[in-house]
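Just run24.tsv here, TSV, C-alpha atoms:
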```
chain	number	residue	atom	x	y	z
S	8	MET	CA	92.88	-16.54	-26.53
S	9	SER	CA	95.72	-14.46	-24.98
S	10	ASP	CA	96.78	-14.67	-21.38
S	11	ASP	CA	95.80	-11.00	-20.84
S	12	HIS	CA	92.11	-11.92	-21.03
S	13	TYR	CA	92.25	-14.98	-18.79
S	14	SER	CA	91.64	-14.35	-15.10
S	15	GLY	CA	92.06	-17.92	-13.85
S	16	ASN	CA	94.67	-20.61	-13.92
S	17	GLU	CA	94.71	-24.06	-15.33
S	18	ASN	CA	93.38	-25.55	-12.06
S	19	GLY	CA	90.08	-23.59	-12.34
S	20	SER	CA	90.72	-20.94	-9.65
S	21	GLY	CA	88.90	-18.37	-11.76
S	22	HIS	CA	85.76	-20.46	-11.70
S	23	GLY	CA	85.97	-20.73	-7.91
S	24	GLU	CA	86.27	-16.98	-7.52
S	25	LEU	CA	83.17	-16.53	-9.70
S	26	GLU	CA	81.16	-18.87	-7.47
S	27	ASN	CA	82.27	-16.97	-4.36
S	28	ARG	CA	81.13	-13.69	-5.87
S	29	LYS	CA	77.68	-15.18	-6.59
S	30	SER	CA	77.31	-16.36	-3.02
S	31	GLU	CA	78.11	-12.89	-1.74
S	32	MET	CA	75.52	-11.20	-3.99
S	33	HIS	CA	72.27	-10.02	-2.30
S	34	LEU	CA	69.41	-11.83	-4.01
S	35	PRO	CA	65.82	-10.66	-3.42
S	36	THR	CA	63.64	-13.06	-1.43
S	37	LEU	CA	60.59	-14.58	-3.10
S	38	VAL	CA	58.61	-14.88	0.18
S	39	ALA	CA	57.00	-11.74	1.61
S	40	ASP	CA	57.43	-11.22	5.34
S	41	LYS	CA	54.71	-8.54	5.52
S	42	TYR	CA	51.18	-8.54	4.16
S	43	GLU	CA	48.93	-5.59	3.44
S	44	THR	CA	45.22	-5.80	4.22
S	45	VAL	CA	43.10	-5.34	1.11
S	46	SER	CA	39.66	-3.83	1.70
S	47	VAL	CA	36.63	-5.81	0.56
S	48	HIS	CA	34.87	-2.53	-0.30
S	49	PRO	CA	37.47	-0.02	-1.59
S	50	LEU	CA	34.69	2.42	-2.53
S	51	LYS	CA	33.50	2.53	1.06
S	52	ASP	CA	37.01	3.28	2.29
S	53	ARG	CA	37.88	6.11	-0.08
S	54	GLU	CA	34.48	7.79	-0.48
S	55	HIS	CA	32.44	9.87	1.97
S	56	PHE	CA	28.86	8.86	2.75
S	57	VAL	CA	27.17	11.52	4.88
S	58	LYS	CA	23.91	12.76	3.35
S	59	VAL	CA	20.63	10.99	4.21
S	60	GLY	CA	17.32	11.13	2.34
S	61	GLY	CA	18.30	12.30	-1.12
S	62	ASN	CA	20.03	14.86	-3.30
S	63	LYS	CA	19.56	16.37	-6.76
S	64	PHE	CA	20.16	12.97	-8.36
S	65	PHE	CA	18.31	10.44	-6.18
S	66	GLU	CA	15.48	10.37	-3.65
S	67	ILE	CA	15.34	7.64	-0.98
S	68	ARG	CA	12.08	6.62	0.72
S	69	PRO	CA	12.02	5.91	3.58
S	70	SER	CA	15.28	7.68	4.36
S	71	VAL	CA	15.86	5.82	7.66
S	72	LEU	CA	14.68	2.31	8.59
S	73	HIS	CA	13.54	1.31	12.09
S	74	PHE	CA	12.81	-2.35	12.79
S	75	GLN	CA	10.79	-2.08	16.00
S	76	GLY	CA	9.80	-5.02	18.16
S	77	ILE	CA	12.26	-7.54	16.73
S	78	GLN	CA	11.98	-11.20	17.77
S	79	VAL	CA	14.85	-13.66	18.00
S	80	GLY	CA	14.92	-16.15	15.11
S	81	LYS	CA	12.22	-14.34	13.13
S	82	GLU	CA	12.94	-12.66	9.79
S	83	HIS	CA	12.06	-8.96	9.62
S	84	LYS	CA	11.92	-7.21	6.25
S	85	GLN	CA	11.44	-3.67	5.01
S	86	THR	CA	11.67	-2.09	1.57
S	87	VAL	CA	13.52	1.02	0.40
S	88	ARG	CA	12.97	2.79	-2.92
S	89	VAL	CA	15.76	4.76	-4.57
S	90	THR	CA	14.41	6.92	-7.41
S	91	ASN	CA	16.31	8.85	-10.06
S	92	VAL	CA	14.88	12.38	-9.77
S	93	SER	CA	17.36	14.01	-12.15
S	94	GLY	CA	16.77	14.82	-15.78
S	95	ARG	CA	19.16	12.22	-17.20
S	96	SER	CA	20.31	8.65	-16.67
S	97	GLN	CA	22.37	8.00	-13.55
S	98	ARG	CA	24.50	5.11	-12.36
S	99	LEU	CA	24.55	3.90	-8.78
S	100	HIS	CA	26.44	1.25	-6.86
S	101	ILE	CA	24.95	-0.26	-3.71
S	102	ILE	CA	27.35	-1.13	-0.89
S	103	VAL	CA	25.87	-3.69	1.50
S	104	PRO	CA	25.99	-3.28	5.31
S	105	ASP	CA	28.84	-4.82	7.27
S	106	ARG	CA	28.27	-8.50	8.04
S	107	GLU	CA	28.57	-7.82	11.76
S	108	SER	CA	25.52	-5.52	11.63
S	109	GLY	CA	23.16	-8.45	10.99
S	110	PHE	CA	21.44	-6.78	7.99
S	111	THR	CA	21.32	-8.32	4.50
S	112	LEU	CA	19.96	-7.07	1.13
S	113	THR	CA	18.01	-8.55	-1.75
S	114	TYR	CA	16.80	-6.99	-4.99
S	115	PRO	CA	13.86	-7.90	-7.26
S	116	GLN	CA	16.08	-6.56	-10.05
S	117	LYS	CA	19.48	-4.95	-9.58
S	118	LEU	CA	19.83	-1.94	-11.85
S	119	GLY	CA	23.08	-0.33	-12.91
S	120	THR	CA	22.14	2.64	-15.08
S	121	MET	CA	18.77	4.20	-14.19
S	122	ALA	CA	16.77	6.39	-16.56
S	123	PRO	CA	14.97	9.46	-15.16
S	124	GLY	CA	12.04	8.41	-12.98
S	125	VAL	CA	13.20	4.80	-12.59
S	126	THR	CA	13.21	3.31	-9.08
S	127	GLN	CA	15.62	0.77	-7.60
S	128	ILE	CA	13.87	-1.40	-5.01
S	129	ILE	CA	15.99	-2.73	-2.14
S	130	HIS	CA	14.74	-5.22	0.44
S	131	ILE	CA	16.50	-5.11	3.83
S	132	HIS	CA	16.37	-8.21	6.03
S	133	ILE	CA	17.43	-9.05	9.55
S	134	VAL	CA	17.05	-12.26	11.59
S	135	PRO	CA	18.07	-11.33	15.15
S	136	LYS	CA	20.12	-13.89	17.08
S	137	GLU	CA	19.59	-12.14	20.41
S	138	TYR	CA	17.57	-9.33	21.94
S	139	LYS	CA	19.72	-6.24	21.55
S	140	TYR	CA	20.09	-3.05	19.54
S	141	TYR	CA	21.35	-3.51	15.97
S	142	SER	CA	22.62	-0.74	13.70
S	143	GLY	CA	24.05	-0.56	10.21
S	144	GLU	CA	23.73	1.34	6.96
S	145	VAL	CA	23.37	0.90	3.22
S	146	LYS	CA	25.69	3.12	1.19
S	147	ILE	CA	24.71	4.44	-2.24
S	148	HIS	CA	27.71	5.36	-4.39
S	149	ALA	CA	26.69	7.75	-7.19
S	150	MET	CA	27.47	11.23	-8.52
S	151	SER	CA	26.70	12.41	-4.98
S	152	ASN	CA	26.87	9.69	-2.32
S	153	LEU	CA	24.06	8.82	0.08
S	154	ARG	CA	23.51	6.49	3.00
S	155	ILE	CA	20.50	4.74	4.53
S	156	PRO	CA	20.77	4.28	8.33
S	157	LEU	CA	19.36	1.01	9.69
S	158	HIS	CA	18.17	0.38	13.26
S	159	ALA	CA	16.59	-2.70	14.85
S	160	TYR	CA	15.63	-3.17	18.49
S	161	PRO	CA	13.15	-4.92	20.78
S	162	THR	CA	10.17	-3.04	22.20
S	163	ILE	CA	7.39	-3.63	24.68
S	164	CYS	CA	4.64	-4.85	22.38
S	165	PRO	CA	1.91	-4.04	22.77
S	166	VAL	CA	1.93	-1.19	25.28
S	167	LYS	CA	-1.40	-1.55	27.10
S	168	PHE	CA	-1.85	1.97	28.37
S	169	PRO	CA	-5.37	3.46	28.54
S	170	LYS	CA	-6.26	6.42	26.38
S	171	LEU	CA	-8.77	7.62	29.00
S	172	ILE	CA	-8.73	7.24	32.78
S	173	ASP	CA	-12.10	7.68	34.51
S	174	MET	CA	-11.75	8.37	38.24
S	175	GLY	CA	-15.52	8.06	38.77
S	176	ASN	CA	-17.59	10.01	41.31
S	177	THR	CA	-15.40	11.28	44.16
S	178	LEU	CA	-16.37	12.98	47.40
S	179	LEU	CA	-14.73	16.28	48.25
S	180	GLY	CA	-11.47	15.64	50.08
S	181	ASP	CA	-11.30	11.93	49.19
S	182	GLU	CA	-8.42	10.43	47.23
S	183	VAL	CA	-8.98	7.96	44.42
S	184	GLU	CA	-6.29	5.86	42.75
S	185	ARG	CA	-6.12	3.93	39.53
S	186	GLU	CA	-3.30	1.46	38.85
S	187	PHE	CA	-1.92	0.31	35.53
S	188	PHE	CA	0.93	-2.07	34.81
S	189	LEU	CA	3.60	-2.00	32.12
S	190	GLU	CA	4.80	-5.50	31.21
S	191	SER	CA	7.55	-6.93	29.09
S	192	LYS	CA	7.32	-10.40	27.55
S	193	ILE	CA	10.94	-10.53	26.38
S	194	PRO	CA	14.16	-11.04	28.39
S	195	VAL	CA	15.23	-7.39	28.22
S	196	ARG	CA	14.91	-4.63	30.81
S	197	PHE	CA	13.33	-1.39	29.60
S	198	GLU	CA	13.52	2.09	31.05
S	199	TYR	CA	10.51	4.36	30.87
S	200	LYS	CA	9.74	8.02	31.53
S	201	ILE	CA	6.35	9.73	31.74
S	202	THR	CA	6.04	13.36	30.62
S	203	THR	CA	3.13	15.57	31.76
S	204	LEU	CA	1.81	17.49	28.78
S	205	GLN	CA	-0.61	19.67	30.76
S	206	TYR	CA	-0.20	20.23	34.50
S	207	ASN	CA	-3.23	19.98	36.80
S	208	PRO	CA	-2.78	20.29	40.58
S	209	ASN	CA	-5.73	17.91	41.17
S	210	PHE	CA	-3.93	14.96	39.54
S	211	SER	CA	-0.60	13.29	40.15
S	212	VAL	CA	1.17	10.41	38.40
S	213	GLU	CA	3.87	8.31	39.99
S	214	PRO	CA	6.42	6.99	39.46
S	215	LEU	CA	7.28	9.24	36.54
S	216	GLU	CA	10.22	7.06	35.53
S	217	GLY	CA	11.64	3.66	36.29
S	218	GLY	CA	12.42	0.26	34.86
S	219	ILE	CA	10.39	-2.66	33.55
S	220	GLY	CA	11.99	-6.00	34.34
S	221	PRO	CA	12.48	-8.73	31.75
S	222	ASN	CA	9.68	-11.29	31.37
S	223	SER	CA	7.60	-9.34	33.88
```
Will you turn the file into structure tokens for me?
Amino acid sequence: MSDDHYSGNENGSGHGELENRKSEMHLPTLVADKYETVSVHPLKDREHFVKVGGNKFFEIRPSVLHFQGIQVGKEHKQTVRVTNVSGRSQRLHIIVPDRESGFTLTYPQKLGTMAPGVTQIIHIHIVPKEYKYYSGEVKIHAMSNLRIPLHAYPTICPVKFPKLIDMGNTLLGDEVEREFFLESKIPVRFEYKITTLQYNPNFSVEPLEGGIGPNS
């Protein structure tokens, strides 16, 4: 080998210069200092779910679920039927409610492709941990997306309000009263409002609105 092609000397200075150049090179790190959040349901994030009840592909019955009179620690269940009303087979993908909503789903049989007239049955469950209002929704991803709103809340059960109030025989000019009480057996305060459907100057109802205390 000629001296023109040798960049170092006999003491190895060329090798030392090569090591220095390596140490000055910018090498990419193998440890990421930033992390991107990956969605559990990418379909839910990129698709729009607005329409309720049905479209030209699917019909949903009932279109909205109300769990009235929920009780803490007790399982409440309702059933939704999603039917293919189009003239050809359709695919659908069911996106479950957020975990924070408290609602869960089960299926007797989970269908992927549905022939015309076939119905997908969905059972919606909730076991309330406290007396409050719960809301969520089931999303149906298909040729045209749909959603099923879910609501669960406590109520005054039963409401013991008379269908008929008999004031009895009353002398002219005398005033007669009848009292009725609204009670709540759960630890939640309820607001009420009474609406007069047909006004009569001979009768009055009061108070027309107010609150019912918890465990009253």
Fill in: Test item: residues at most 7 Å from S:Thr126, only C-alpha atoms, excluding those fewer than 6 positions along its chain, as a ChimeraX atom specification
/S:88-91
Item to complete: Name all residues at most 9 Å from S:Ile219 (count all atoms listed in the file; drop same-chain ones fewer than 5 positions away) and give them as a PyMOL selection string.
Response: chain S and resi 189-191+195-199
Worksheet entry | Point-to-point distance from atom CA of S:Tyr114 to atom CA of S:Pro161, Å rounded to tenths |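 These two atoms are separated by 26.1 Å.
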Discussion item. Please list as a PyMOL selection string every residue within 12 Å of S:Val212, counting only C-alpha atoms and excluding residues in the same chain fewer than 4 positions away.
Written reply: chain S and resi 172+184-187+200-204+206-208+216
Worksheet entry | Interatomic distance, atom CA of S:His83 to atom CA of S:Lys58 (Å, one decimal) |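 Computing it gives 25.5 Å between the two atoms.
Comparing the minimum interatomic distances between S:Thr86 and each of S:Leu157, S:Met121, S:Ala149, S:Ile102, counting only C-alpha atoms, we find that S:Leu157 sits nearest.
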Worksheet item: atom CA of S:Glu137 and atom CA of S:Val87 are how many Å apart?
Response: 24.7 Å
Fill in: Distance query S:Ile155 at most 10 Å, only C-alpha atoms, self and fewer than 3 positions along chain excluded, as a list in words
Phe56, Val57, Lys58, Val59, Gly60, Gly61, Ile67, Arg68, Pro69, Ser70, Val71, Leu72, Val87, Pro104, Gly143, Glu144, Val145, Lys146 and Ile147 of chain S
Please dump the current selection as a short mmCIF file (atom, residue, chain, number, x, y, z; two decimals), in the frame of the given file; keep C-alpha atoms.
```
data_model
loop_
_atom_site.label_atom_id
_atom_site.label_comp_id
_atom_site.auth_asym_id
_atom_site.auth_seq_id
_atom_site.Cartn_x
_atom_site.Cartn_y
_atom_site.Cartn_z
CA PHE S 56 28.86 8.86 2.75
CA VAL S 57 27.17 11.52 4.88
CA LYS S 58 23.91 12.76 3.35
CA VAL S 59 20.63 10.99 4.21
CA GLY S 60 17.32 11.13 2.34
CA GLY S 61 18.30 12.30 -1.12
CA ILE S 67 15.34 7.64 -0.98
CA ARG S 68 12.08 6.62 0.72
CA PRO S 69 12.02 5.91 3.58
CA SER S 70 15.28 7.68 4.36
CA VAL S 71 15.86 5.82 7.66
CA LEU S 72 14.68 2.31 8.59
CA VAL S 87 13.52 1.02 0.40
CA PRO S 104 25.99 -3.28 5.31
CA GLY S 143 24.05 -0.56 10.21
CA GLU S 144 23.73 1.34 6.96
CA VAL S 145 23.37 0.90 3.22
CA LYS S 146 25.69 3.12 1.19
CA ILE S 147 24.71 4.44 -2.24
#
```
Worksheet item: What's the 7 Å shell around S:Phe74, counting all atoms listed in the file, without same-chain residues fewer than 2 positions away, as JSON, numbers by chain?
Response: {"S": [72, 76, 77, 158, 159, 160]}
Item to complete: Find the residue from S:Ser93, S:Val183, S:Gln116, S:Leu99 that sits nearest to S:Leu153; use all atoms listed in the file when measuring.
Response: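 With all atoms listed in the file as the atom set, the closest residue is S:Leu99.
With all atoms listed in the file as the basis for measurement, S:Ile133 is the residue among S:Val92, S:Ile128, S:Ile133, S:Ile193 that approaches S:Arg106 most closely.
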Discussion item. Restricting the calculation to only C-alpha atoms: of S:Gly124, S:Pro214, S:Pro156, S:Pro169, which residue gets closest to S:Gln97?
Written reply: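 Of the candidates, the smallest distance to S:Gln97 is held by S:Gly124.
The smallest atom-to-atom distance between S:Ser96 and any of S:Pro123, S:Lys84, S:Thr111, S:Asn176, using all atoms listed in the file, is found for S:Pro123.
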Item to complete: Would you please work out which residue, of S:Phe64, S:Phe188, S:Phe110, S:Phe168, is nearest to S:Val134 when using only C-alpha atoms?
Response: S:Phe110
